[in-house]
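All remarks here apply to the structure that follows.
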Protein chains: 4
Amino acid sequence: MHPSSWHLNSECFSVDCLSDVFGKSEYPSPLKDSIFQLHEDYKGTMRIPVDLLRKTSLQTEDHSLTFELAGPREKLFWNPTSVVVAIVTCGGLAPGLNNVIQNLVTILCSRYKVEKIYGVPYGYYGFSHDKDTHKFRFSWHRLDTTAVQNIDFEAGSVLGTGRGHSDPQTIVDALTFRGVDLLFTIGGDGTLAGAAEIYEEIKRRQLPIGLIGIPKTIDNDVLWVSKTFGFESAVGKAVEALRCAQAEARSTYNGVGIVKIMGRNSGALAATASMALNGIDFVLIPEVPLVIDGEHGFLNIAINKVLEKGHITIAVAEGAGQDLFPEHKTERDASGNVKLKDIGILLKEKIAQEFVKRGIEYNIKYIDPSYILRAQPTSTEDSVFCAYLSQNAAHAAMAGKTGCMIGYHYGHFTLVPLKTVSLGKKCVDVQQELWGSVLAATGQPSNWK
Amino acid sequence: MHPSSWHLNSECFSVDCLSDVFGKSEYPSPLKDSIFQLHEDYKGTMRIPVDLLRKTSLQTEDHSLTFELAGPREKLFWNPTSVVVAIVTCGGLAPGLNNVIQNLVTILCSRYKVEKIYGVPYGYYGFSHDKDTHKFRFSWHRLDTTAVQNIDFEAGSVLGTGRGHSDPQTIVDALTFRGVDLLFTIGGDGTLAGAAEIYEEIKRRQLPIGLIGIPKTIDNDVLWVSKTFGFESAVGKAVEALRCAQAEARSTYNGVGIVKIMGRNSGALAATASMALNGIDFVLIPEVPLVIDGEHGFLNIAINKVLEKGHITIAVAEGAGQDLFPEHKTERDASGNVKLKDIGILLKEKIAQEFVKRGIEYNIKYIDPSYILRAQPTSTEDSVFCAYLSQNAAHAAMAGKTGCMIGYHYGHFTLVPLKTVSLGKKCVDVQQELWGSVLAATGQPSNWK
Amino acid sequence: MHPSSWHLNSECFSVDCLSDVFGKSEYPSPLKDSIFQLHEDYKGTMRIPVDLLRKTSLQTEDHSLTFELAGPREKLFWNPTSVVVAIVTCGGLAPGLNNVIQNLVTILCSRYKVEKIYGVPYGYYGFSHDKDTHKFRFSWHRLDTTAVQNIDFEAGSVLGTGRGHSDPQTIVDALTFRGVDLLFTIGGDGTLAGAAEIYEEIKRRQLPIGLIGIPKTIDNDVLWVSKTFGFESAVGKAVEALRCAQAEARSTYNGVGIVKIMGRNSGALAATASMALNGIDFVLIPEVPLVIDGEHGFLNIAINKVLEKGHITIAVAEGAGQDLFPEHKTERDASGNVKLKDIGILLKEKIAQEFVKRGIEYNIKYIDPSYILRAQPTSTEDSVFCAYLSQNAAHAAMAGKTGCMIGYHYGHFTLVPLKTVSLGKKCVDVQQELWGSVLAATGQPSNWK
Amino acid sequence: MHPSSWHLNSECFSVDCLSDVFGKSEYPSPLKDSIFQLHEDYKGTMRIPVDLLRKTSLQTEDHSLTFELAGPREKLFWNPTSVVVAIVTCGGLAPGLNNVIQNLVTILCSRYKVEKIYGVPYGYYGFSHDKDTHKFRFSWHRLDTTAVQNIDFEAGSVLGTGRGHSDPQTIVDALTFRGVDLLFTIGGDGTLAGAAEIYEEIKRRQLPIGLIGIPKTIDNDVLWVSKTFGFESAVGKAVEALRCAQAEARSTYNGVGIVKIMGRNSGALAATASMALNGIDFVLIPEVPLVIDGEHGFLNIAINKVLEKGHITIAVAEGAGQDLFPEHKTERDASGNVKLKDIGILLKEKIAQEFVKRGIEYNIKYIDPSYILRAQPTSTEDSVFCAYLSQNAAHAAMAGKTGCMIGYHYGHFTLVPLKTVSLGKKCVDVQQELWGSVLAATGQPSNWK
């Protein structure tokens with residue numbers, strides 16, 4: 001579904017600010033030294049277009065939609081010395097969770113001089129409490145610069161994370177009991193959709209509580225952000241697995257190396273990783289229907305390439321080819337995600353059968369790196385990206401912005417209303433540069449038929 | 001100097017095509033399968049704005065300037081089976097030189113079916129030849145997919161590189177003798193300026209020779225490209241050196257760790273690397289004048305921070321504080337670059353003197369990683385970036401584009417006329433996001449005075 | 001089975017030399033410069049004891065058995081300028097195959113000035129040929145220093161490898177047809193057993209052909225060598241996978257991380273890797289029988305530890321607990337190895353069932369890094385080790401030594417007759433230091449009961 | 001100086017035990033489960049020979065000297081619940097300091113159930129205190145398993161380290177004031193010599209205080225240990241720097257890459273690192289006198305190799321060629337070490353002058369990675385090694401052993417009296433395997449003349 005079909009209007013991109021309802025932002029930012037340094041453009045008046053590309057003849061209608069640029073503001077809504085902050089990390093692991101926690105705490109404590117920051121354990125679970133006694137199931141952490149000093153070396157989340165969906169009422173109750181003024185939720189599209197509901201509940205109760213989301217997922221499938229944190233680090237590890245499969249394939253007679261790469265709905269991770277190596281032969285993603293049999297099907301073309309080149313390496317996104325499983329019933333896991341069938345094993349079996357049928361010797365090696373892609377520290381690029389995200393989240397929050405997440409669009413950090421984020425998931429657009437480049441790099445056909 | 005002061009007009013961004021002079025592009029692209037896949041927008045009609053940011057009230061004049069989007073074209077100017085290609089790498093090493101060579105050769109040979117590709121040795125030196133005998137000083141390499149198979153594992157350039165400036169006449173003579181139709185020059189701003197001169201000579205002689213530049217430098221100081229290849233990989237290594245200095249500083253009493261980071265005119269590398277770690281205290285770059293002495297000078301503030309925090313870590317770009325050297329005479333090296341004085345050693349000495357003067361024990365460790373930052377293989381992100389760059393260079397070249405380099409702007413690959421590239425060098429804009437974020441992360445003052 | 005039960009005698013450790021049968025070694029070594037440098041002890045007269053440890057009262061019988069020390073010899077059996085060498089890599093991949101090939105070729109060509117070296121493709125398969133036409137199924141490679149320049153960057157084997165068992169007659173025929181004087185076989189215990197048979201065939205035919213083995217396996221299960229090449233590099237990657245599992249476990253409520261680590265008969269890889277991290281809770285290896293159920297069984301102790309500590313991480317060798325599978329019939333793969341059942345998945349299921357039975361929430365993550373452990377370039381320590389091994393193999397071969405492999409024993413390189421290598425496989429001795437240290441590090445019980 | 005010249009006798013290798021003086025070890029080890037598992041040989045009765053190699057005719061006199069094997073003992077001298085432990089890290093950084101701290105604390109707390117462990121800050125400085133008030137200059141840390149959980153990710157020492165020499169009286173006073181029963185000192189040869197003095201003072205006062213040393217240095221120059229922790233990790237980083245220099249050299253015309261590698265008295269680090277790469281041309285170490293000029297001097301041979309091969313790479317230990325500096329006066333730094341002149345820069349200048357003299361173009365790149373080699377986390381092999389060392393240190397200490405360090409000899413961990421350690425420094429023995437292999441790998445002459 002192309003964004004244009006959503007009948008988006010400028011309201012969709014308009015960010016709420018607590019000062020609109022609860023009185024103006026009046027505290028001068030302690031960051032004024034670095035802010036005064038900034039060009040006027042970065043002081044909150046600038047916007048960047050949602051849709052950048054333009055035909056030679058300018059179409060104005062494409063350009064009416066813009067994002068508010070993120071960045072520090074000169075006046076704060078919150079009084080740093082009294083504001084109470086909470087941070088929660090939700091969903092599966094991604095490289096960078098600890099970097100974001102570390103950077104948030106550092107900028108809030110060291111620059112804004114915030115004094116009270118809670119770390120909520122195990123995701124939205126951490127808000128669970130007894131309604132009568134107000135006793136919480138898990139103790140909350142207290143975070144300061146000492147507590148986060150070297151956590152960026154560690155993979156995972158020092159707060160703990162979880163997939164569960166607490167209801168918005170419980171969460172907002174918990175925020176109230178604990179006196180939390182500002183909540184940062186770090187997570188993927190499920191988490192952000194949850195955050196949108198929490199925000200609705202906050203608004204319904206007319207509470208002066210700010211809520212800022214930070215998009216996290218190695219799948220890079222969040223709308224309105226060109227990359228999520230964790231993605232580039234995961235690409236690095238996917239490339240390592242692909243190199244292994246390629247080494248196995250090259251080192252044996254008629255070698256076939258297959259790597260299954262995370263990505264339920266989006267093949268972005270598999271496609272991007274395959275661009276980092278020379279000589280990946282096939283990239284299979286959910287966005288391109290997979291046809292196995294027939295002259296123009298995957299199997300025939302793949303085996304012909306083995307015979308021609310001596311070996312092949314295949315990157316397959318875990319969500320690819322799910323319709324190929326004969327008795328495909330929709331099973332779901334605890335968190336409601338559809339349980340995927342193992343496309344990697346299916347490919348391995350099909351390829352083996354075809355070699356046997358043709359009476360040809362072969363060697364297949366299948367690698368499923370699974371959590372290795374995500375339970376990692378960040379690459380340096382991702383570390384830098386996490387630092388920018390966290391700073392902008394802190395700036396937005398302290399200025400009173402709420403109900404939005406930090407986006408990244410055409411190289412700039414933006415503020416994106418949560419309601420607009422939960423409109424859908426981002427996929428690989430097979431008509432754009434990434435997929436076009438994968439086709440050019442691999443030489444595989446644009447369609448299986 | 002801000003681009004706006006250059007009186008740029010749309011002509012500056014207009015890319016030459018050999019078909020404008022030498023007859024139309026008539027060969028169908030063998031990549032049509034992936035091209036047909038692409039959205040109309042990517043087929044050559046789209047442009048992206050030079051200046052993206054816009055105030056809430058649209059200022060149309062900001063938007064009249066646009067770049068042509070790079071990408072594959074449906075018709076080729078060159079006949080792949082007869083075109084003769086040469087690739088040359090110039091200047092200092094950068095991570096990714098071999099990736100670019102590998103990707104160029106792969107896309108040209110495997111997709112476009114180009115049959116003859118030369119690798120020119122040792123940069124522009126490789127064009128040296130005897131005018132009478134036409135004997136070349138160095139043998140040229142022949143490149144094909146086998147020759148480049150695993151070169152991305154190696155640092156450096158398999159072709160060899162060099163800093164020397166051959167005159168454009170000699171180079172164009174050499175191209176003619178060897179029958180070269182298409183030249184790819186890979187290098188930094190000096191190389192690209194040289195390429196602009198070569199292109200002028202080609203035009204003067206009215207030769208049907210295409211010339212495409214690919215910007216390379218770990219300094220990230222090329223105009224009109226938001227990042228150059230090699231930069232992100234170098235950031236990774238600079239971060240490693242900073243971590244070492246930080247470990248040394250933290251592990252001793254009143255510890256001071258100093259790392260000198262490449263960057264003659266631009267502090268982009270030092271500034272970006274310092275964003276990847278928690279707890280860098282000072283970042284010194286050429287763009288911000290350095291004052292050492294006085295109450296608000298660097299020395300006093302730095303030593304106070306040691307006393308307060310127990311240790312500090314300093315990232316200093318090699319070009320910072322050059323005016324601090326007493327007998328600063330402009331010496332130049334063989335390639336005409338000003339020989340820089342060692343600001344790292346100066347800082348080390350000044351800090352030590354100040355501690356001694358104040359009668360305080362201290363430990364200073366100075367690290368100069370020098371070529372370690374650049375004589376490296378690429379990070380995976382950089383590998384992906386090199387793949388995109390190379391593909392777009394091949395697409396542009398085969399379509400007959402010439403006299404331009406591949407740019408990267410707001411997340412899109414563009415075509416930028418070489419004459420516009422050589423207008424200047426990109427620096428860190430202290431009014432923009434990178435420097436603002438560094439100030440927020442370090443807490444250092446925005447100016448020394 | 002302890003070596004002492006094999007009734008080993010000094011004959012078992014006596015190395016054959018071609019000069020004993022075919023006339024004396026008369027060519028002076030071109031390495032004389034470095035040899036003259038060496039202490040007398042290293043010139044072939046020294047031996048090191050097979051069993052080093054001694055009680056306070058010396059037991060002479062322990063010390064009658066010694067290995068011949070490897071190293072360069074002053075006289076060569078082979079004339080370097082005419083000797084014909086072949087190198088073959090067999091079995092599964094291990095980090096270091098290319099390092100060994102590279103170092104062998106370098107020392108033979110650059111130092112001994114050998115002129116003709118073949119690389120045999122795809123392991124023992126590469127000897128297949130038509131008995132009448134002498135036509136080989138695969139072309140052999142020619143190797144020189146240029147061909148091997150950067151192959152140490154690559155994982156796998158540039159020659160290709162294979163598991164197949166050609167019969168010794170065919171292989172010796174092939175050596176004769178090709179005029180091979182010296183064969184280096186690089187492989188694990190199966191390969192070395194095959195080499196022992198080839199050597200018997202060579203002796204039976206009274207051919208002056210030298211044969212030297214180099215032990216390779218990430219399992220570290222070859223007799224008489226304290227480590228094989230590839231092992232340390234694989235440890236490094238196993239540690240990475242364990243860190244991932246630990247991060248997953250720590251970041252969730254009642255988290256359990258499980259990593260399956262290669263090792264069919266020996267848990268050396270799993271045990272050693274678990275020593276590199278802080279906080280591995282359980283290490284399960286084939287050498288220690290696994291009891292799942294009961295009060296002192298694994299399941300009860302593991303779940304109690306989750307409840308006490310909050311999370312656990314388990315390293316399980318693939319060969320552990322194979323008797324736990326209900327319908328355990330001995331299936332074998334093409335190369336005769338018993339097909340192992342997936343103990344990792346069994347553990348995952350059993351643990352999950354137990355949590356469910358006890359009504360406790362939990363999070364289990366299972367990682368099977370599989371070929372990622374072995375399809376890697378070497379760690380630097382392993383690179384150094386490969387260099388030593390290869391030099392010593394070349395020295396032994398040129399001196400006329402034959403029918404032996406290069407061993408590593410108490411920190412010295414030795415010559416070990418192949419017939420003695422194939423007496424069995426090395427396992428983790430649960431009465432020695434490695435396993436004792438694992439028990440101390442994990443705190444797990446020494447036996448499951 | 002060869003050990004044999006020291007007139008060593010068995011007394012030199014006899015380890016003191018507190019139970020010899022202060023009453024017998026009577027506390028049963030809580031590690032009995034893993035100890036009972038061990039073979040009798042590991043329970044304290046076994047010794048390993050100091051000199052292993054033997055000629056074919058056994059020379060008994062070589063074998064009278066043996067080390068006591070390290071390992072857990074069944075009875076403890078110290079009552080774990082009341083013993084007070086202190087850990088101090090001294091001297092320069094080495095990879096593994098934090099691993100050793102972490103492993104010591106883990107085994108002491110989690111297995112031996114020790115309850116009180118101090119971390120002494122900034123090396124022997126941390127014992128400084130006012131003799132009257134008993135007030136310490138720096139607060140001591142309290143260490144437990146939580147405090148050390150992830151410190152192995154960090155380089156450096158979390159305790160801080162320092163080079164200063166406090167006098168033994170002050171240190172033993174401090175131990176007494178704080179009630180310390182057991183001191184672990186982690187450091188290089190200076191630290192261990194200091195520890196020997198502290199031990200003498202403890203004995204002089206007849207105090208029941210145990211003292212165990214753990215040898216640390218990236219130089220690998222401690223007597224009686226085949227490797228120190230930190231060494232292998234530093235080798236890894238030295239190899240990275242050599243690869244950079246090699247890439248620079250290969251990528252330019254007549255390229256010369258020089259890397260200076262730490263090692264004041266021993267070239268072990270430079271020599272070992274150079275074995276990990278293919279194609280290092282020269283390794284210069286303090287143990288081999290360097291002659292620069294003349295036909296057989298370094299300069300002539302090096303430049304001839306550039307002309308023959310096209311480029312060269314040189315590894316030079318920092319202590320090499322110190323006699324080449326014209327006005328070589330012995331300056332010393334604060335800790336009494338002789339200030340070395342920069343041999344790398346001398347080589348660079350000499351080579352450049354020679355090229356200029358001969359009228360040949362050239363490119364020289366000099367890399368001094370300095371602290372990058374040591375301010376690193378450990379390699380996995382080093383992590384494993386640190387775990388073994390720490391366990392054995394804890395075992396020895398709890399059993400009442402004292403005045404000794406943990407050695408590593410022929411693949412086994414040993415107990416070595418401190419007085420014997422401080423007899424001298426280990427160098428590269430140019431008559432043994434390492435240097436012989438370097439000569440064979442590089443092809444450089446065994447002597448410069």
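Residues in the structure tokens are named by chain (A, B, ... in the order shown) and by number from 1 within that chain; ligands are numbered from 1 in the order shown.
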Dump as a tab-separated table the rows for residues of chain B within 9 Å of chain D: closest atom pair and distance in Å with one decimal, only C-alpha atoms counted, ordered by chain and rising residue number.
residue	atom	partner	partner_atom	distance
B:Gly92	CA	D:Glu248	CA	8.9
B:Leu93	CA	D:Glu248	CA	7.3
B:Tyr122	CA	D:Thr252	CA	6.3
B:Glu154	CA	D:Ala247	CA	7.7
B:Ala155	CA	D:Ala247	CA	5.6
B:Gly156	CA	D:Ala247	CA	5.1
B:Ser157	CA	D:Ser251	CA	5.5
B:Val158	CA	D:Ser251	CA	6.6
B:Leu159	CA	D:Ser251	CA	7.1
B:Gly160	CA	D:Ser251	CA	4.1
B:Thr161	CA	D:Thr252	CA	5.6
B:Gly162	CA	D:Thr252	CA	6.3
B:Glu240	CA	D:Ile372	CA	8.3
B:Ala241	CA	D:Ile372	CA	6.5
B:Arg243	CA	D:Ala375	CA	8.0
B:Cys244	CA	D:Ala375	CA	4.8
B:Ala245	CA	D:Ala375	CA	7.4
B:Gln246	CA	D:Ala375	CA	8.7
B:Ala247	CA	D:Gly156	CA	5.1
B:Glu248	CA	D:Gly156	CA	6.4
B:Ala249	CA	D:Gly156	CA	9.0
B:Arg250	CA	D:Gly160	CA	7.1
B:Ser251	CA	D:Gly160	CA	4.1
B:Thr252	CA	D:Gly160	CA	5.3
B:Tyr253	CA	D:Tyr122	CA	6.7
B:Lys365	CA	D:Tyr371	CA	7.8
B:Tyr366	CA	D:Tyr371	CA	8.1
B:Ile367	CA	D:Ser370	CA	6.6
B:Asp368	CA	D:Pro369	CA	7.0
B:Pro369	CA	D:Pro369	CA	5.8
B:Ser370	CA	D:Ile367	CA	6.6
B:Tyr371	CA	D:Ile367	CA	6.7
B:Ile372	CA	D:Cys244	CA	5.9
B:Leu373	CA	D:Cys244	CA	8.8
B:Arg374	CA	D:Cys244	CA	8.1
B:Ala375	CA	D:Cys244	CA	4.8
B:Gln376	CA	D:Cys244	CA	6.4
Kindly save the residues from that selection, with C-alpha atoms included, as a PDB file, in the first residue's frame.
ATOM      1  CA  GLY B  92      45.597   8.438  -0.145  1.00  0.00           C
ATOM      2  CA  LEU B  93      44.010   5.156   0.822  1.00  0.00           C
ATOM      3  CA  TYR B 122      49.418   4.086  -9.125  1.00  0.00           C
ATOM      4  CA  GLU B 154      41.927  -6.407   1.443  1.00  0.00           C
ATOM      5  CA  ALA B 155      42.644  -2.871   2.528  1.00  0.00           C
ATOM      6  CA  GLY B 156      44.236  -0.453   0.093  1.00  0.00           C
ATOM      7  CA  SER B 157      43.883  -0.507  -3.668  1.00  0.00           C
ATOM      8  CA  VAL B 158      44.838  -3.513  -5.764  1.00  0.00           C
ATOM      9  CA  LEU B 159      45.599  -1.111  -8.588  1.00  0.00           C
ATOM     10  CA  GLY B 160      47.949   0.937  -6.465  1.00  0.00           C
ATOM     11  CA  THR B 161      47.376   4.604  -5.940  1.00  0.00           C
ATOM     12  CA  GLY B 162      49.433   7.791  -6.003  1.00  0.00           C
ATOM     13  CA  GLU B 240      38.449   2.193  18.634  1.00  0.00           C
ATOM     14  CA  ALA B 241      41.333   4.585  19.250  1.00  0.00           C
ATOM     15  CA  ARG B 243      38.033   3.825  23.443  1.00  0.00           C
ATOM     16  CA  CYS B 244      41.715   3.019  24.050  1.00  0.00           C
ATOM     17  CA  ALA B 245      42.465   6.562  25.146  1.00  0.00           C
ATOM     18  CA  GLN B 246      39.424   6.531  27.384  1.00  0.00           C
ATOM     19  CA  ALA B 247      40.483   3.230  28.967  1.00  0.00           C
ATOM     20  CA  GLU B 248      43.952   4.654  29.618  1.00  0.00           C
ATOM     21  CA  ALA B 249      42.484   7.825  31.113  1.00  0.00           C
ATOM     22  CA  ARG B 250      39.957   6.043  33.304  1.00  0.00           C
ATOM     23  CA  SER B 251      42.513   3.549  34.597  1.00  0.00           C
ATOM     24  CA  THR B 252      44.936   6.097  36.010  1.00  0.00           C
ATOM     25  CA  TYR B 253      44.850   8.885  38.542  1.00  0.00           C
ATOM     26  CA  LYS B 365      48.501   9.182  27.125  1.00  0.00           C
ATOM     27  CA  TYR B 366      48.630  10.316  23.520  1.00  0.00           C
ATOM     28  CA  ILE B 367      47.531   8.083  20.654  1.00  0.00           C
ATOM     29  CA  ASP B 368      48.083   8.910  16.994  1.00  0.00           C
ATOM     30  CA  PRO B 369      46.448   6.073  15.061  1.00  0.00           C
ATOM     31  CA  SER B 370      47.416   7.763  11.761  1.00  0.00           C
ATOM     32  CA  TYR B 371      47.060   5.384   8.795  1.00  0.00           C
ATOM     33  CA  ILE B 372      45.247   2.804  10.913  1.00  0.00           C
ATOM     34  CA  LEU B 373      42.088   4.815  10.265  1.00  0.00           C
ATOM     35  CA  ARG B 374      42.310   4.463   6.514  1.00  0.00           C
ATOM     36  CA  ALA B 375      44.294   1.317   5.618  1.00  0.00           C
ATOM     37  CA  GLN B 376      41.358  -0.876   6.547  1.00  0.00           C
TER      38      GLN B 376
END
Q: Excluding Thr272 (chain B) and residues on its chain fewer than 3 positions from it, collect all residues at most 8 Å away from it, counting only C-alpha atoms, and give them as a ChimeraX atom specification.
A: /A:384 /B:235,268-269,275-276,434
**Q.** Expected answer as a count of residues only: alpha helix (DSSP H) residues in region 229-399 of chain B
**A.** 75
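When DSSP reads the backbone of this structure, the residues of region 347-433 of chain A it assigns to strand (DSSP E or B) are Asn363, Ile364, Lys365, Tyr366, Ile367, Lys401, Thr402, Cys404, Met405, Ile406, Gly407, Tyr408, His409, His412, Phe413, Thr414, Leu415, Val416, Pro417 and Lys425 of chain A.
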**Q.** Residues near Ala196 (chain D), cut-off 8 Å, only C-alpha atoms, skip fewer than 5 positions along chain, as a PyMOL selection string
**A.** chain D and resi 403+418-419+422
(Q) Using only C-alpha atoms, which protein or nucleic acid residues come within 12 Å of His296 (chain C)? Drop anything in the same chain fewer than 5 positions from it, and give the result as an NGL selection string. (A) :C and (290-291 or 301-304 or 444-449)
As an mmCIF file with N, CA and C atoms, in the first residue's frame, please: the residues near Ile261 (chain D) (cut-off 7 Å, only C-alpha atoms, same-chain neighbours under 2 positions excluded).
data_model
loop_
_atom_site.group_PDB
_atom_site.id
_atom_site.type_symbol
_atom_site.label_atom_id
_atom_site.label_comp_id
_atom_site.auth_asym_id
_atom_site.auth_seq_id
_atom_site.Cartn_x
_atom_site.Cartn_y
_atom_site.Cartn_z
ATOM 1 N N ALA D 238 48.621 -5.848 17.183
ATOM 2 C CA ALA D 238 49.846 -5.585 16.431
ATOM 3 C C ALA D 238 49.701 -6.089 14.992
ATOM 4 N N VAL D 259 56.002 -0.458 11.207
ATOM 5 C CA VAL D 259 55.186 -0.430 12.425
ATOM 6 C C VAL D 259 56.098 -0.611 13.631
ATOM 7 N N GLY D 263 57.651 -3.322 23.273
ATOM 8 C CA GLY D 263 58.618 -4.363 23.628
ATOM 9 C C GLY D 263 59.954 -3.717 23.904
ATOM 10 N N ALA D 270 56.605 -8.330 18.684
ATOM 11 C CA ALA D 270 56.850 -8.042 17.264
ATOM 12 C C ALA D 270 57.058 -9.329 16.477
ATOM 13 N N ALA D 315 58.417 -4.793 10.796
ATOM 14 C CA ALA D 315 57.958 -4.745 12.193
ATOM 15 C C ALA D 315 59.176 -4.464 13.055
ATOM 16 N N VAL D 316 59.124 -3.381 13.834
ATOM 17 C CA VAL D 316 60.281 -3.067 14.672
ATOM 18 C C VAL D 316 59.845 -2.929 16.123
ATOM 19 N N ALA D 317 60.468 -3.710 16.977
ATOM 20 C CA ALA D 317 60.186 -3.604 18.415
ATOM 21 C C ALA D 317 60.774 -2.299 18.933
ATOM 22 N N GLU D 318 60.089 -1.650 19.859
ATOM 23 C CA GLU D 318 60.525 -0.318 20.301
ATOM 24 C C GLU D 318 61.926 -0.313 20.908
#
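Distance check against Ala195 (chain D) using only C-alpha atoms: of D:Trp78, D:Phe231, D:Phe355, D:Tyr124, the minimum falls on D:Tyr124.
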